[in-house]
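Inspection log for the structure reproduced underneath, given as structure tokens.
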Amino acid sequence: MSSILADNIRGFQSEAKAKEVLHELWKEKAILSYRRTDRGSKDDLCGIDFYFSILLKGRRIEVPLQVKSSWAGIKDHYSKEQKRDIYAVNAQAPDLKNQIIAIIKDYKAAFEEEKPMAVAEKEIKIAAKPKTAVVLPSQDHRVHVEYNYNKFKFTDENRDIKQANLDKLAKSIKRVDMSDYFPVLVNEKMEILDGQHRFTVWKSLGMPIKYKMIKRADKEIIADINTAQATWGINDFIKNQAALGNLNFVLLREDMKKHKITAMTLLSAILGIKSYNDLVRNKTIVYRKQESNEVAMFMHDVQMFRDFSFGKMTRFYQAFAMFRQHPAYDHATMERQVKRWGHAHLNPQSNHMGYLRDLAAVYNYNRPKDKHISDRDFE
């Protein structure tokens, strides 16, 4: 019992020392802000004691920190794979401040030195491989007709089948059959590169499949073939690139599924990435562990608004993401204020600026003026 008590006291002392050092770094403007968290076990956020924020490429990034009372504890921390993205410090060591400064330098280096696209070795080989020109021999200009539907194959790299598209297309085909002018495109393996909706409708109507073959075409050109078509949406491109192994898109799609949010909400509202549509379509979006961690922390923080009807709306996410980036923002304060005064000050709004005004109102209510955050700071 005495050893357990001693460990607890040592743990409290370590956290108090870490808080003192973080406050000192904040006064020196080495970090933008810091906050203590008592959050328990929530996915990969388990075990975080502090967050401190730093400025990277014009964006405020929060770094998760775990406080240990010995070097043995740190060794154990880094030996656990699930804690690899959470930094740890030994608060009992005399160089605690230097440990945190080293973390800041390491985080900045990792963020700034990584390539514009984090790619796997497989992807590098693919990118380096000269692309074979798409050749359409003269005999392949004609439209082929096939009655055996089982010869055709679908691929994961293509977009998902959408019932609304099928219904619309079926009505059009029943009215006027334009299959001679718009055949499906396949490769030599009979994998459908373009026209899976047409194929599905023709099959359901018992019609023959009319197709052209593109020789020496691999799955990578599926998105390129469809780029000119407005029917290919952002989610279709994300699915295509994730299936091809592009790590940015693999992680992005995983987080969309994990948090049950759209690409627009995740990229535009939460991360504030402008022109995300073009970045996705051009396959140049950067989405690595820093962005994933930032989204995970946001999704955890925004849970305080889950009882509000607008708590999951994109424009509210956008407002809260902007508000929590303010240098004077304190998350523990916001949690207390929302619990006490949220329903009196937070109401449905038509745009994110309206929500920003409400967030400022609830955050500032009954607090000293020197602690206020003005909604004008976001204009």
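Numbering starts fresh at 1 for the residues of each chain in the structure tokens, the chains themselves are lettered A, B, ... in the order given, and ligands are numbered from 1 as they appear.
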**Study point:** Who sits within 12 Å of Asn98 of chain A, only C-alpha atoms, same chain under 5 positions skipped, as a PyMOL selection string
**Key:** chain A and resi 18+21-22+25+30+89-91+93+103-105
Within 6 Å of segment 341-352 of chain A, which residues of segment 222-334 of chain A come that close, and what is the closest atom pair and distance in Å for each? Count only C-alpha atoms and give it as a Markdown table.
| residue | atom | partner | partner_atom | distance |
| --- | --- | --- | --- | --- |
| A:Arg315 | CA | A:His352 | CA | 4.9 |
| A:Phe316 | CA | A:His352 | CA | 5.8 |
| A:Ala319 | CA | A:His352 | CA | 5.0 |
Requested write-out: N, CA and C atoms of the selected residues, as a tab-separated table (two decimals), in the first residue's frame:
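Just written: selection_34.tsv:
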chain	number	residue	atom	x	y	z
A	315	ARG	N	-21.00	23.16	-40.82
A	315	ARG	CA	-20.70	24.57	-40.55
A	315	ARG	C	-20.41	24.81	-39.06
A	316	PHE	N	-21.00	23.98	-38.17
A	316	PHE	CA	-20.66	24.11	-36.75
A	316	PHE	C	-19.24	23.57	-36.51
A	319	ALA	N	-16.86	26.21	-37.45
A	319	ALA	CA	-16.78	27.28	-36.45
A	319	ALA	C	-15.97	26.85	-35.23
Review point. Atom CA of Lys215 of chain A to atom CA of Asp156 of chain A: how many Å, to one decimal?
Key: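 Atom-to-atom, atom CA of Lys215 of chain A and atom CA of Asp156 of chain A are spaced 19.6 Å apart.
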Practice item. Please provide the set of residues having any atom within 9 Å of Tyr329 of chain A, restricted to only C-alpha atoms, with same-chain residues fewer than 4 positions apart removed, written as a list in words. Key: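 Returned residues: Ser33, Phe323, Arg324, Gln325, Thr333, Met334, Tyr363 and Ile373 of chain A.
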Study note, to complete from the structure: Shortest contact to Asn246 of chain A, candidates A:Arg357, A:Lys210, A:Arg288, A:His259, atoms counted only C-alpha atoms, goes to A:Arg288
Study note, to complete from the structure: What separates atom CA of Lys168 of chain A and atom CA of Arg198 of chain A is a distance of 10.7 Å
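Closest to Gln66 of chain A among A:Gly11, A:Pro94, A:Gly206, A:Gly311 is A:Gly11, based on only C-alpha atoms.
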Practice item. Find, counting only C-alpha atoms, the residue in A:Ala361, A:Gln290, A:Asn282, A:Met264 that gets nearest to Tyr317 of chain A. Key: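 For Tyr317 of chain A, the nearest of the given residues is A:Met264.
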**Study point:** Among listed residues A:Val143, A:Ile273, A:Ile261, A:Ile285, nearest Phe249 of chain A (using only C-alpha atoms)
**Key:** A:Ile285
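Across the structure, atom CA of Pro327 of chain A and atom CA of Tyr34 of chain A are spaced 9.8 Å apart.
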Practice item. Using only C-alpha atoms, determine which residues lie at most 10 Å from Gln196 of chain A, disregarding the query and same-chain residues fewer than 5 positions distant; provide the list as a PyMOL selection string. Key: chain A and resi 152-155+158-161+166+184-186+191+201-202
Practice item. Pick out the residues sitting within 10 Å of Lys203 of chain A, and hand them over as a PyMOL selection string; count only C-alpha atoms, and ignore anything fewer than 4 positions along from it in its own chain. Key: chain A and resi 147-149+197-199+207-209
